[in-house]
Structures are given as structure tokens and as C-alpha cells.
>>> print(open('coords26.pdb').read())   # PDB, N, CA and C atoms
ATOM      1  N   MET U   1       3.850  -4.549  22.126
ATOM      2  CA  MET U   1       2.533  -4.367  22.707
ATOM      3  C   MET U   1       2.190  -2.879  22.728
ATOM      4  N   PRO U   2       0.927  -2.566  22.439
ATOM      5  CA  PRO U   2       0.517  -1.157  22.452
ATOM      6  C   PRO U   2       0.460  -0.582  23.863
ATOM      7  N   LYS U   3       0.679   0.706  23.957
ATOM      8  CA  LYS U   3       0.419   1.422  25.202
ATOM      9  C   LYS U   3      -1.085   1.646  25.238
ATOM     10  N   LEU U   4      -1.701   1.376  26.361
ATOM     11  CA  LEU U   4      -3.157   1.468  26.489
ATOM     12  C   LEU U   4      -3.552   2.571  27.451
ATOM     13  N   ARG U   5      -4.473   3.414  26.998
ATOM     14  CA  ARG U   5      -5.123   4.403  27.866
ATOM     15  C   ARG U   5      -6.598   4.039  27.871
ATOM     16  N   CYS U   6      -7.187   3.968  29.042
ATOM     17  CA  CYS U   6      -8.584   3.564  29.164
ATOM     18  C   CYS U   6      -9.353   4.578  30.000
ATOM     19  N   SER U   7     -10.464   5.070  29.445
ATOM     20  CA  SER U   7     -11.292   6.024  30.182
ATOM     21  C   SER U   7     -12.583   5.386  30.692
ATOM     22  N   VAL U   8     -12.677   4.064  30.654
ATOM     23  CA  VAL U   8     -13.887   3.364  31.069
ATOM     24  C   VAL U   8     -13.858   3.161  32.587
ATOM     25  N   GLN U   9     -14.211   4.210  33.303
ATOM     26  CA  GLN U   9     -14.108   4.192  34.762
ATOM     27  C   GLN U   9     -15.072   3.234  35.428
ATOM     28  N   THR U  10     -16.069   2.760  34.703
ATOM     29  CA  THR U  10     -17.040   1.827  35.262
ATOM     30  C   THR U  10     -16.608   0.373  35.106
ATOM     31  N   CYS U  11     -15.428   0.138  34.557
ATOM     32  CA  CYS U  11     -14.931  -1.225  34.366
ATOM     33  C   CYS U  11     -14.166  -1.688  35.609
ATOM     34  N   LEU U  12     -14.406  -2.914  36.000
ATOM     35  CA  LEU U  12     -13.725  -3.513  37.151
ATOM     36  C   LEU U  12     -12.211  -3.502  36.986
ATOM     37  N   HIS U  13     -11.723  -3.575  35.742
ATOM     38  CA  HIS U  13     -10.290  -3.655  35.471
ATOM     39  C   HIS U  13      -9.607  -2.291  35.340
ATOM     40  N   HIS U  14     -10.364  -1.205  35.396
ATOM     41  CA  HIS U  14      -9.841   0.154  35.213
ATOM     42  C   HIS U  14      -9.122   0.640  36.474
ATOM     43  N   SER U  15      -7.968   1.281  36.269
ATOM     44  CA  SER U  15      -7.251   1.893  37.373
ATOM     45  C   SER U  15      -6.376   3.023  36.850
ATOM     46  N   HIS U  16      -6.695   4.242  37.239
ATOM     47  CA  HIS U  16      -5.872   5.413  36.903
ATOM     48  C   HIS U  16      -5.616   5.546  35.395
ATOM     49  N   GLN U  17      -6.658   5.398  34.584
ATOM     50  CA  GLN U  17      -6.600   5.518  33.122
ATOM     51  C   GLN U  17      -5.877   4.360  32.437
ATOM     52  N   TYR U  18      -5.661   3.272  33.151
ATOM     53  CA  TYR U  18      -5.028   2.086  32.580
ATOM     54  C   TYR U  18      -5.876   0.859  32.871
ATOM     55  N   CYS U  19      -5.375  -0.316  32.507
ATOM     56  CA  CYS U  19      -6.096  -1.568  32.681
ATOM     57  C   CYS U  19      -5.273  -2.515  33.539
ATOM     58  N   CYS U  20      -5.947  -3.234  34.426
ATOM     59  CA  CYS U  20      -5.262  -4.181  35.301
ATOM     60  C   CYS U  20      -5.238  -5.599  34.737
ATOM     61  N   MET U  21      -5.741  -5.775  33.526
ATOM     62  CA  MET U  21      -5.670  -7.070  32.852
ATOM     63  C   MET U  21      -4.373  -7.107  32.048
ATOM     64  N   GLY U  22      -3.779  -8.243  31.908
ATOM     65  CA  GLY U  22      -2.550  -8.373  31.121
ATOM     66  C   GLY U  22      -2.812  -8.377  29.628
ATOM     67  N   ALA U  23      -4.082  -8.597  29.260
ATOM     68  CA  ALA U  23      -4.471  -8.639  27.851
ATOM     69  C   ALA U  23      -5.948  -8.275  27.752
ATOM     70  N   ILE U  24      -6.333  -7.664  26.629
ATOM     71  CA  ILE U  24      -7.740  -7.380  26.381
ATOM     72  C   ILE U  24      -8.111  -7.893  24.993
ATOM     73  N   SER U  25      -9.408  -7.941  24.752
ATOM     74  CA  SER U  25      -9.927  -8.367  23.463
ATOM     75  C   SER U  25     -10.842  -7.278  22.917
ATOM     76  N   VAL U  26     -10.527  -6.777  21.727
ATOM     77  CA  VAL U  26     -11.364  -5.782  21.060
ATOM     78  C   VAL U  26     -12.191  -6.506  20.004
ATOM     79  N   GLN U  27     -13.508  -6.301  20.064
ATOM     80  CA  GLN U  27     -14.428  -6.916  19.112
ATOM     81  C   GLN U  27     -14.861  -5.882  18.080
ATOM     82  N   GLY U  28     -15.290  -6.358  16.925
ATOM     83  CA  GLY U  28     -15.766  -5.464  15.870
ATOM     84  C   GLY U  28     -15.447  -6.028  14.506
ATOM     85  N   LYS U  29     -15.746  -7.287  14.302
ATOM     86  CA  LYS U  29     -15.385  -7.995  13.076
ATOM     87  C   LYS U  29     -15.791  -7.236  11.815
ATOM     88  N   SER U  30     -16.971  -6.643  11.812
ATOM     89  CA  SER U  30     -17.436  -5.926  10.614
ATOM     90  C   SER U  30     -17.402  -4.405  10.798
ATOM     91  N   ALA U  31     -16.654  -3.928  11.780
ATOM     92  CA  ALA U  31     -16.594  -2.488  12.073
ATOM     93  C   ALA U  31     -15.972  -1.687  10.935
ATOM     94  N   HIS U  32     -16.549  -0.514  10.701
ATOM     95  CA  HIS U  32     -16.000   0.441   9.737
ATOM     96  C   HIS U  32     -15.681   1.776  10.405
ATOM     97  N   ILE U  33     -16.157   1.931  11.650
ATOM     98  CA  ILE U  33     -15.868   3.118  12.462
ATOM     99  C   ILE U  33     -15.606   2.663  13.893
ATOM    100  N   ALA U  34     -14.955   3.511  14.680
ATOM    101  CA  ALA U  34     -14.581   3.165  16.061
ATOM    102  C   ALA U  34     -15.775   2.758  16.913
ATOM    103  N   ASP U  35     -16.913   3.429  16.740
ATOM    104  CA  ASP U  35     -18.082   3.130  17.562
ATOM    105  C   ASP U  35     -18.671   1.753  17.293
ATOM    106  N   GLU U  36     -18.202   1.075  16.264
ATOM    107  CA  GLU U  36     -18.656  -0.289  15.976
ATOM    108  C   GLU U  36     -17.712  -1.329  16.589
ATOM    109  N   THR U  37     -16.752  -0.883  17.398
ATOM    110  CA  THR U  37     -15.846  -1.771  18.123
ATOM    111  C   THR U  37     -16.207  -1.721  19.600
ATOM    112  N   CYS U  38     -15.680  -2.651  20.372
ATOM    113  CA  CYS U  38     -15.875  -2.598  21.820
ATOM    114  C   CYS U  38     -14.791  -3.408  22.510
ATOM    115  N   CYS U  39     -14.572  -3.105  23.773
ATOM    116  CA  CYS U  39     -13.638  -3.877  24.596
ATOM    117  C   CYS U  39     -14.416  -5.036  25.199
ATOM    118  N   ASN U  40     -14.193  -6.212  24.678
ATOM    119  CA  ASN U  40     -14.920  -7.397  25.117
ATOM    120  C   ASN U  40     -14.458  -7.873  26.500
ATOM    121  N   THR U  41     -13.406  -7.279  27.023
ATOM    122  CA  THR U  41     -12.886  -7.633  28.343
ATOM    123  C   THR U  41     -13.560  -6.808  29.436
ATOM    124  N   PHE U  42     -14.376  -5.829  29.039
ATOM    125  CA  PHE U  42     -15.094  -4.974  29.981
ATOM    126  C   PHE U  42     -15.892  -5.811  30.973
ATOM    127  N   CYS U  43     -15.824  -5.401  32.241
ATOM    128  CA  CYS U  43     -16.613  -6.040  33.300
ATOM    129  C   CYS U  43     -17.143  -4.925  34.205
ATOM    130  N   ASP U  44     -18.446  -4.758  34.250
ATOM    131  CA  ASP U  44     -19.070  -3.685  35.031
ATOM    132  C   ASP U  44     -18.690  -3.833  36.506
ATOM    133  N   ASN U  45     -18.200  -2.743  37.100
ATOM    134  CA  ASN U  45     -17.753  -2.811  38.496
ATOM    135  C   ASN U  45     -18.856  -2.487  39.495
ATOM    136  N   GLU U  46     -20.080  -2.325  39.037
ATOM    137  CA  GLU U  46     -21.174  -2.013  39.948
ATOM    138  C   GLU U  46     -21.334  -3.126  40.979
ATOM    139  N   GLY U  47     -21.244  -2.761  42.234
ATOM    140  CA  GLY U  47     -21.388  -3.729  43.313
ATOM    141  C   GLY U  47     -20.138  -4.547  43.591
ATOM    142  N   SER U  48     -19.035  -4.245  42.905
ATOM    143  CA  SER U  48     -17.790  -4.995  43.101
ATOM    144  C   SER U  48     -16.702  -4.061  43.589
ATOM    145  N   MET U  49     -15.694  -4.630  44.210
ATOM    146  CA  MET U  49     -14.514  -3.848  44.547
ATOM    147  C   MET U  49     -13.738  -3.609  43.263
ATOM    148  N   THR U  50     -13.219  -2.413  43.079
ATOM    149  CA  THR U  50     -12.423  -2.147  41.886
ATOM    150  C   THR U  50     -10.996  -2.616  42.108
ATOM    151  N   ASN U  51     -10.268  -2.789  41.018
ATOM    152  CA  ASN U  51      -8.858  -3.159  41.126
ATOM    153  C   ASN U  51      -8.067  -2.085  41.857
ATOM    154  N   ALA U  52      -8.459  -0.831  41.697
ATOM    155  CA  ALA U  52      -7.765   0.248  42.393
ATOM    156  C   ALA U  52      -7.914   0.075  43.907
ATOM    157  N   ALA U  53      -9.083  -0.417  44.330
ATOM    158  CA  ALA U  53      -9.335  -0.586  45.760
ATOM    159  C   ALA U  53      -8.564  -1.761  46.352
ATOM    160  N   ILE U  54      -8.205  -2.730  45.513
ATOM    161  CA  ILE U  54      -7.490  -3.893  46.041
ATOM    162  C   ILE U  54      -6.018  -3.895  45.622
ATOM    163  N   ALA U  55      -5.537  -2.774  45.145
ATOM    164  CA  ALA U  55      -4.111  -2.524  44.889
ATOM    165  C   ALA U  55      -3.474  -3.458  43.859
ATOM    166  N   ILE U  56      -4.157  -3.714  42.770
ATOM    167  CA  ILE U  56      -3.545  -4.427  41.643
ATOM    168  C   ILE U  56      -2.949  -3.364  40.727
ATOM    169  N   ASP U  57      -1.685  -3.505  40.386
ATOM    170  CA  ASP U  57      -1.036  -2.507  39.545
ATOM    171  C   ASP U  57      -1.554  -2.578  38.121
ATOM    172  N   PRO U  58      -1.897  -1.431  37.539
ATOM    173  CA  PRO U  58      -2.354  -1.417  36.154
ATOM    174  C   PRO U  58      -1.187  -1.564  35.180
ATOM    175  N   TYR U  59      -1.500  -2.041  33.985
ATOM    176  CA  TYR U  59      -0.510  -2.185  32.926
ATOM    177  C   TYR U  59      -0.561  -0.954  32.025
ATOM    178  N   THR U  60       0.601  -0.425  31.644
ATOM    179  CA  THR U  60       0.635   0.680  30.684
ATOM    180  C   THR U  60       0.781   0.151  29.269
ATOM    181  N   GLU U  61       1.344  -1.045  29.119
ATOM    182  CA  GLU U  61       1.418  -1.724  27.826
ATOM    183  C   GLU U  61       0.703  -3.048  27.991
ATOM    184  N   ILE U  62      -0.024  -3.446  26.945
ATOM    185  CA  ILE U  62      -0.919  -4.584  27.096
ATOM    186  C   ILE U  62      -1.070  -5.325  25.772
ATOM    187  N   SER U  63      -1.256  -6.615  25.854
ATOM    188  CA  SER U  63      -1.513  -7.425  24.663
ATOM    189  C   SER U  63      -2.968  -7.219  24.246
ATOM    190  N   VAL U  64      -3.202  -6.946  22.966
ATOM    191  CA  VAL U  64      -4.558  -6.668  22.482
ATOM    192  C   VAL U  64      -4.910  -7.607  21.332
ATOM    193  N   ARG U  65      -5.812  -8.536  21.609
ATOM    194  CA  ARG U  65      -6.387  -9.374  20.552
ATOM    195  C   ARG U  65      -7.484  -8.544  19.897
ATOM    196  N   CYS U  66      -7.580  -8.600  18.577
ATOM    197  CA  CYS U  66      -8.521  -7.724  17.884
ATOM    198  C   CYS U  66      -9.202  -8.451  16.726
ATOM    199  N   SER U  67     -10.534  -8.362  16.693
ATOM    200  CA  SER U  67     -11.278  -8.977  15.600
ATOM    201  C   SER U  67     -11.728  -7.948  14.562
ATOM    202  N   ALA U  68     -11.333  -6.679  14.731
ATOM    203  CA  ALA U  68     -11.722  -5.627  13.784
ATOM    204  C   ALA U  68     -10.879  -5.745  12.509
ATOM    205  N   GLU U  69     -11.345  -6.588  11.601
ATOM    206  CA  GLU U  69     -10.581  -6.915  10.393
ATOM    207  C   GLU U  69     -10.348  -5.735   9.460
ATOM    208  N   GLN U  70     -11.175  -4.707   9.563
ATOM    209  CA  GLN U  70     -11.033  -3.549   8.684
ATOM    210  C   GLN U  70     -10.173  -2.433   9.287
ATOM    211  N   CYS U  71      -9.535  -2.699  10.423
ATOM    212  CA  CYS U  71      -8.662  -1.694  11.051
ATOM    213  C   CYS U  71      -7.240  -1.840  10.510
ATOM    214  N   VAL U  72      -6.618  -0.715  10.210
ATOM    215  CA  VAL U  72      -5.249  -0.748   9.678
ATOM    216  C   VAL U  72      -4.246  -1.302  10.684
ATOM    217  N   HIS U  73      -4.588  -1.284  11.956
ATOM    218  CA  HIS U  73      -3.672  -1.767  12.998
ATOM    219  C   HIS U  73      -3.778  -3.272  13.227
ATOM    220  N   ASN U  74      -4.793  -3.916  12.660
ATOM    221  CA  ASN U  74      -5.007  -5.347  12.871
ATOM    222  C   ASN U  74      -3.984  -6.148  12.078
ATOM    223  N   GLN U  75      -3.157  -6.882  12.800
ATOM    224  CA  GLN U  75      -2.132  -7.731  12.189
ATOM    225  C   GLN U  75      -2.385  -9.167  12.625
ATOM    226  N   SER U  76      -3.143  -9.890  11.809
ATOM    227  CA  SER U  76      -3.498 -11.278  12.124
ATOM    228  C   SER U  76      -4.174 -11.400  13.488
ATOM    229  N   HIS U  77      -5.153 -10.523  13.722
ATOM    230  CA  HIS U  77      -5.969 -10.510  14.944
ATOM    231  C   HIS U  77      -5.205 -10.073  16.192
ATOM    232  N   VAL U  78      -4.113  -9.356  16.001
ATOM    233  CA  VAL U  78      -3.372  -8.735  17.103
ATOM    234  C   VAL U  78      -3.211  -7.262  16.747
ATOM    235  N   CYS U  79      -3.417  -6.378  17.711
ATOM    236  CA  CYS U  79      -3.284  -4.949  17.443
ATOM    237  C   CYS U  79      -1.813  -4.571  17.312
ATOM    238  N   GLY U  80      -1.485  -3.921  16.210
ATOM    239  CA  GLY U  80      -0.117  -3.500  15.957
ATOM    240  C   GLY U  80       0.107  -2.017  16.170
ATOM    241  N   ALA U  81      -0.897  -1.321  16.705
ATOM    242  CA  ALA U  81      -0.759   0.123  16.948
ATOM    243  C   ALA U  81       0.271   0.367  18.050
ATOM    244  N   GLU U  82       0.918   1.514  17.992
ATOM    245  CA  GLU U  82       1.880   1.888  19.027
ATOM    246  C   GLU U  82       1.168   2.168  20.345
ATOM    247  N   SER U  83      -0.030   2.765  20.235
ATOM    248  CA  SER U  83      -0.839   3.035  21.423
ATOM    249  C   SER U  83      -2.309   2.997  21.030
ATOM    250  N   ILE U  84      -3.163   2.669  21.998
ATOM    251  CA  ILE U  84      -4.600   2.679  21.761
ATOM    252  C   ILE U  84      -5.316   3.332  22.928
ATOM    253  N   ASP U  85      -6.510   3.830  22.626
ATOM    254  CA  ASP U  85      -7.387   4.418  23.631
ATOM    255  C   ASP U  85      -8.708   3.661  23.612
ATOM    256  N   VAL U  86      -9.140   3.221  24.779
ATOM    257  CA  VAL U  86     -10.456   2.600  24.916
ATOM    258  C   VAL U  86     -11.325   3.606  25.657
ATOM    259  N   ASN U  87     -12.472   3.932  25.051
ATOM    260  CA  ASN U  87     -13.380   4.928  25.616
ATOM    261  C   ASN U  87     -14.718   4.305  25.980
ATOM    262  N   GLY U  88     -15.448   5.004  26.815
ATOM    263  CA  GLY U  88     -16.761   4.567  27.271
ATOM    264  C   GLY U  88     -16.938   4.957  28.719
ATOM    265  N   TYR U  89     -16.739   6.226  29.011
ATOM    266  CA  TYR U  89     -16.648   6.767  30.367
ATOM    267  C   TYR U  89     -17.644   6.154  31.352
ATOM    268  N   SER U  90     -18.920   6.110  31.002
ATOM    269  CA  SER U  90     -19.926   5.606  31.948
ATOM    270  C   SER U  90     -20.587   4.323  31.448
ATOM    271  N   ALA U  91     -19.863   3.521  30.714
ATOM    272  CA  ALA U  91     -20.404   2.284  30.134
ATOM    273  C   ALA U  91     -20.918   1.325  31.206
ATOM    274  N   SER U  92     -21.989   0.619  30.865
ATOM    275  CA  SER U  92     -22.479  -0.444  31.743
ATOM    276  C   SER U  92     -22.444  -1.788  31.029
ATOM    277  N   THR U  93     -22.102  -1.769  29.733
ATOM    278  CA  THR U  93     -21.933  -3.000  28.954
ATOM    279  C   THR U  93     -20.727  -2.825  28.037
ATOM    280  N   ALA U  94     -20.174  -3.927  27.565
ATOM    281  CA  ALA U  94     -19.035  -3.870  26.640
ATOM    282  C   ALA U  94     -19.390  -3.095  25.383
ATOM    283  N   GLU U  95     -20.621  -3.223  24.919
ATOM    284  CA  GLU U  95     -21.046  -2.547  23.691
ATOM    285  C   GLU U  95     -21.027  -1.029  23.811
ATOM    286  N   GLN U  96     -20.958  -0.500  25.014
ATOM    287  CA  GLN U  96     -20.905   0.949  25.230
ATOM    288  C   GLN U  96     -19.469   1.457  25.309
ATOM    289  N   THR U  97     -18.512   0.568  25.055
ATOM    290  CA  THR U  97     -17.111   0.951  24.995
ATOM    291  C   THR U  97     -16.675   0.964  23.535
ATOM    292  N   ALA U  98     -15.526   1.544  23.243
ATOM    293  CA  ALA U  98     -15.025   1.571  21.858
ATOM    294  C   ALA U  98     -13.514   1.754  21.859
ATOM    295  N   CYS U  99     -12.884   1.165  20.853
ATOM    296  CA  CYS U  99     -11.474   1.418  20.627
ATOM    297  C   CYS U  99     -11.388   2.649  19.738
ATOM    298  N   SER U 100     -11.090   3.782  20.336
ATOM    299  CA  SER U 100     -11.074   5.032  19.567
ATOM    300  C   SER U 100      -9.846   5.155  18.671
ATOM    301  N   SER U 101      -8.954   4.189  18.749
ATOM    302  CA  SER U 101      -7.771   4.179  17.872
ATOM    303  C   SER U 101      -8.047   3.433  16.573
ATOM    304  N   PHE U 102      -9.262   2.911  16.395
ATOM    305  CA  PHE U 102      -9.641   2.222  15.169
ATOM    306  C   PHE U 102      -9.486   3.166  13.966
ATOM    307  N   VAL U 103      -8.817   2.690  12.923
ATOM    308  CA  VAL U 103      -8.695   3.432  11.666
ATOM    309  C   VAL U 103      -9.061   2.464  10.546
ATOM    310  N   SER U 104     -10.071   2.820   9.785
ATOM    311  CA  SER U 104     -10.536   1.947   8.710
ATOM    312  C   SER U 104      -9.532   1.882   7.568
ATOM    313  N   LYS U 105      -9.388   0.691   6.986
ATOM    314  CA  LYS U 105      -8.488   0.498   5.845
ATOM    315  C   LYS U 105      -9.000   1.240   4.636
TER     316      LYS U 105
END
>>> encode(input="coords26.pdb", output="C-alpha cells")
Amino acid sequence: MPKLRCSVQTCLHHSHQYCCMGAISVQGKSAHIADETCCNTFCDNEGSMTNAAIAIDPYTEISVRCSAEQCVHNQSHVCGAESIDVNGYSASTAEQTACSSFVSK
């Protein structure tokens, strides 16, 4: 499983640069650049308690399902990268996030 770093502080699952979900899904079936991908597991935390506030431990390694078929790390729809970064500091939708570890074939 890849090590995950997440800078999407507006996500309900974000905690201390990590994710509190045991698995995430990266979308971008026809992506050719990182900005054409997104974390489909994103959930806007506006008006909600964050995982950090309710003491759920974040995961440093995480299972990543991936539909970005043109990424070199995609191994039968599972991310095979050693580590990934999900970005989208002030995102309010999944489409405003991106897997910055995407590398086109």
C-alpha cells in the first residue's frame, strides 16, 4: 500500500496531513496530467465535525483504487506507487483535488 500525504484540509477525512479512511478512490479515467485526476473519497467538512476533532487515527499507508488508466502507477486499477500526494488545499468538491503523484505513461 502506498504512503499517503494529503493536503486537502477541507476534507472531512483529513487529519494532520493524512487520511482517516482505510482506502480512497482516485478518479481520472482519461487523465493525461495530475490536474485531471481527483480524490473521489473527498467529503467537504463544512458544517461537520472533522475526524481530528473526534480522535480517529489517520492512516499513513492506505489502499488506493485508481481509474487513471494512463498513470504509470496504475496496476489493474490499484495504485502501485510507493507514496502518493493528494492536493487541493481549499477544495470544496472532489474535482478540486488531484493526485499529484500521477505520471503519464
>>> resolve_selection(input="coords26.pdb", expression="the PyMOL selection byres ((chain U and resi 44) around 5)", output="ChimeraX atom specification")
/U:10-12,42-43,45-46
>>> write_last_selection(input="coords26.pdb", atoms="N, CA and C atoms", output="PDB file, in the frame of the given file")
ATOM      1  N   THR U  10     -16.069   2.760  34.703  1.00  0.00           N
ATOM      2  CA  THR U  10     -17.040   1.827  35.262  1.00  0.00           C
ATOM      3  C   THR U  10     -16.608   0.373  35.106  1.00  0.00           C
ATOM      4  N   CYS U  11     -15.428   0.138  34.557  1.00  0.00           N
ATOM      5  CA  CYS U  11     -14.931  -1.225  34.366  1.00  0.00           C
ATOM      6  C   CYS U  11     -14.166  -1.688  35.609  1.00  0.00           C
ATOM      7  N   LEU U  12     -14.406  -2.914  36.000  1.00  0.00           N
ATOM      8  CA  LEU U  12     -13.725  -3.513  37.151  1.00  0.00           C
ATOM      9  C   LEU U  12     -12.211  -3.502  36.986  1.00  0.00           C
ATOM     10  N   PHE U  42     -14.376  -5.829  29.039  1.00  0.00           N
ATOM     11  CA  PHE U  42     -15.094  -4.974  29.981  1.00  0.00           C
ATOM     12  C   PHE U  42     -15.892  -5.811  30.973  1.00  0.00           C
ATOM     13  N   CYS U  43     -15.824  -5.401  32.241  1.00  0.00           N
ATOM     14  CA  CYS U  43     -16.613  -6.040  33.300  1.00  0.00           C
ATOM     15  C   CYS U  43     -17.143  -4.925  34.205  1.00  0.00           C
ATOM     16  N   ASN U  45     -18.200  -2.743  37.100  1.00  0.00           N
ATOM     17  CA  ASN U  45     -17.753  -2.811  38.496  1.00  0.00           C
ATOM     18  C   ASN U  45     -18.856  -2.487  39.495  1.00  0.00           C
ATOM     19  N   GLU U  46     -20.080  -2.325  39.037  1.00  0.00           N
ATOM     20  CA  GLU U  46     -21.174  -2.013  39.948  1.00  0.00           C
ATOM     21  C   GLU U  46     -21.334  -3.126  40.979  1.00  0.00           C
TER      22      GLU U  46
END
>>> resolve_selection(input="coords26.pdb", expression="the PyMOL selection byres ((chain U and resi 104) around 6.5)", output="list in words")
His32, Ile33, Gln70, Cys71, Val72, Phe102, Val103 and Lys105 of chain U
>>> residues_near_point(input="coords26.pdb", point="(-18.3, -0.3, 15.8)", cutoff="10 Å", atoms="only C-alpha atoms", output="PyMOL selection string")
chain U and resi 27-38+68+95-100+102
>>> write_last_selection(input="coords26.pdb", atoms="N, CA and C atoms", output="mmCIF file, in the frame of the given file")
data_model
loop_
_atom_site.group_PDB
_atom_site.id
_atom_site.type_symbol
_atom_site.label_atom_id
_atom_site.label_comp_id
_atom_site.auth_asym_id
_atom_site.auth_seq_id
_atom_site.Cartn_x
_atom_site.Cartn_y
_atom_site.Cartn_z
ATOM 1 N N GLN U 27 -13.508 -6.301 20.064
ATOM 2 C CA GLN U 27 -14.428 -6.916 19.112
ATOM 3 C C GLN U 27 -14.861 -5.882 18.080
ATOM 4 N N GLY U 28 -15.290 -6.358 16.925
ATOM 5 C CA GLY U 28 -15.766 -5.464 15.870
ATOM 6 C C GLY U 28 -15.447 -6.028 14.506
ATOM 7 N N LYS U 29 -15.746 -7.287 14.302
ATOM 8 C CA LYS U 29 -15.385 -7.995 13.076
ATOM 9 C C LYS U 29 -15.791 -7.236 11.815
ATOM 10 N N SER U 30 -16.971 -6.643 11.812
ATOM 11 C CA SER U 30 -17.436 -5.926 10.614
ATOM 12 C C SER U 30 -17.402 -4.405 10.798
ATOM 13 N N ALA U 31 -16.654 -3.928 11.780
ATOM 14 C CA ALA U 31 -16.594 -2.488 12.073
ATOM 15 C C ALA U 31 -15.972 -1.687 10.935
ATOM 16 N N HIS U 32 -16.549 -0.514 10.701
ATOM 17 C CA HIS U 32 -16.000 0.441 9.737
ATOM 18 C C HIS U 32 -15.681 1.776 10.405
ATOM 19 N N ILE U 33 -16.157 1.931 11.650
ATOM 20 C CA ILE U 33 -15.868 3.118 12.462
ATOM 21 C C ILE U 33 -15.606 2.663 13.893
ATOM 22 N N ALA U 34 -14.955 3.511 14.680
ATOM 23 C CA ALA U 34 -14.581 3.165 16.061
ATOM 24 C C ALA U 34 -15.775 2.758 16.913
ATOM 25 N N ASP U 35 -16.913 3.429 16.740
ATOM 26 C CA ASP U 35 -18.082 3.130 17.562
ATOM 27 C C ASP U 35 -18.671 1.753 17.293
ATOM 28 N N GLU U 36 -18.202 1.075 16.264
ATOM 29 C CA GLU U 36 -18.656 -0.289 15.976
ATOM 30 C C GLU U 36 -17.712 -1.329 16.589
ATOM 31 N N THR U 37 -16.752 -0.883 17.398
ATOM 32 C CA THR U 37 -15.846 -1.771 18.123
ATOM 33 C C THR U 37 -16.207 -1.721 19.600
ATOM 34 N N CYS U 38 -15.680 -2.651 20.372
ATOM 35 C CA CYS U 38 -15.875 -2.598 21.820
ATOM 36 C C CYS U 38 -14.791 -3.408 22.510
ATOM 37 N N ALA U 68 -11.333 -6.679 14.731
ATOM 38 C CA ALA U 68 -11.722 -5.627 13.784
ATOM 39 C C ALA U 68 -10.879 -5.745 12.509
ATOM 40 N N GLU U 95 -20.621 -3.223 24.919
ATOM 41 C CA GLU U 95 -21.046 -2.547 23.691
ATOM 42 C C GLU U 95 -21.027 -1.029 23.811
ATOM 43 N N GLN U 96 -20.958 -0.500 25.014
ATOM 44 C CA GLN U 96 -20.905 0.949 25.230
ATOM 45 C C GLN U 96 -19.469 1.457 25.309
ATOM 46 N N THR U 97 -18.512 0.568 25.055
ATOM 47 C CA THR U 97 -17.111 0.951 24.995
ATOM 48 C C THR U 97 -16.675 0.964 23.535
ATOM 49 N N ALA U 98 -15.526 1.544 23.243
ATOM 50 C CA ALA U 98 -15.025 1.571 21.858
ATOM 51 C C ALA U 98 -13.514 1.754 21.859
ATOM 52 N N CYS U 99 -12.884 1.165 20.853
ATOM 53 C CA CYS U 99 -11.474 1.418 20.627
ATOM 54 C C CYS U 99 -11.388 2.649 19.738
ATOM 55 N N SER U 100 -11.090 3.782 20.336
ATOM 56 C CA SER U 100 -11.074 5.032 19.567
ATOM 57 C C SER U 100 -9.846 5.155 18.671
ATOM 58 N N PHE U 102 -9.262 2.911 16.395
ATOM 59 C CA PHE U 102 -9.641 2.222 15.169
ATOM 60 C C PHE U 102 -9.486 3.166 13.966
#
>>> select_by_dssp(input="coords26.pdb", residues="chain U", states="helix (DSSP H, G or I)", output="ChimeraX atom specification")
/U:34-36,94-96
>>> atom_distance(input="coords26.pdb", atom1="atom N of Ala94 of chain U", atom2="atom CA of Thr41 of chain U")
8.2 Å
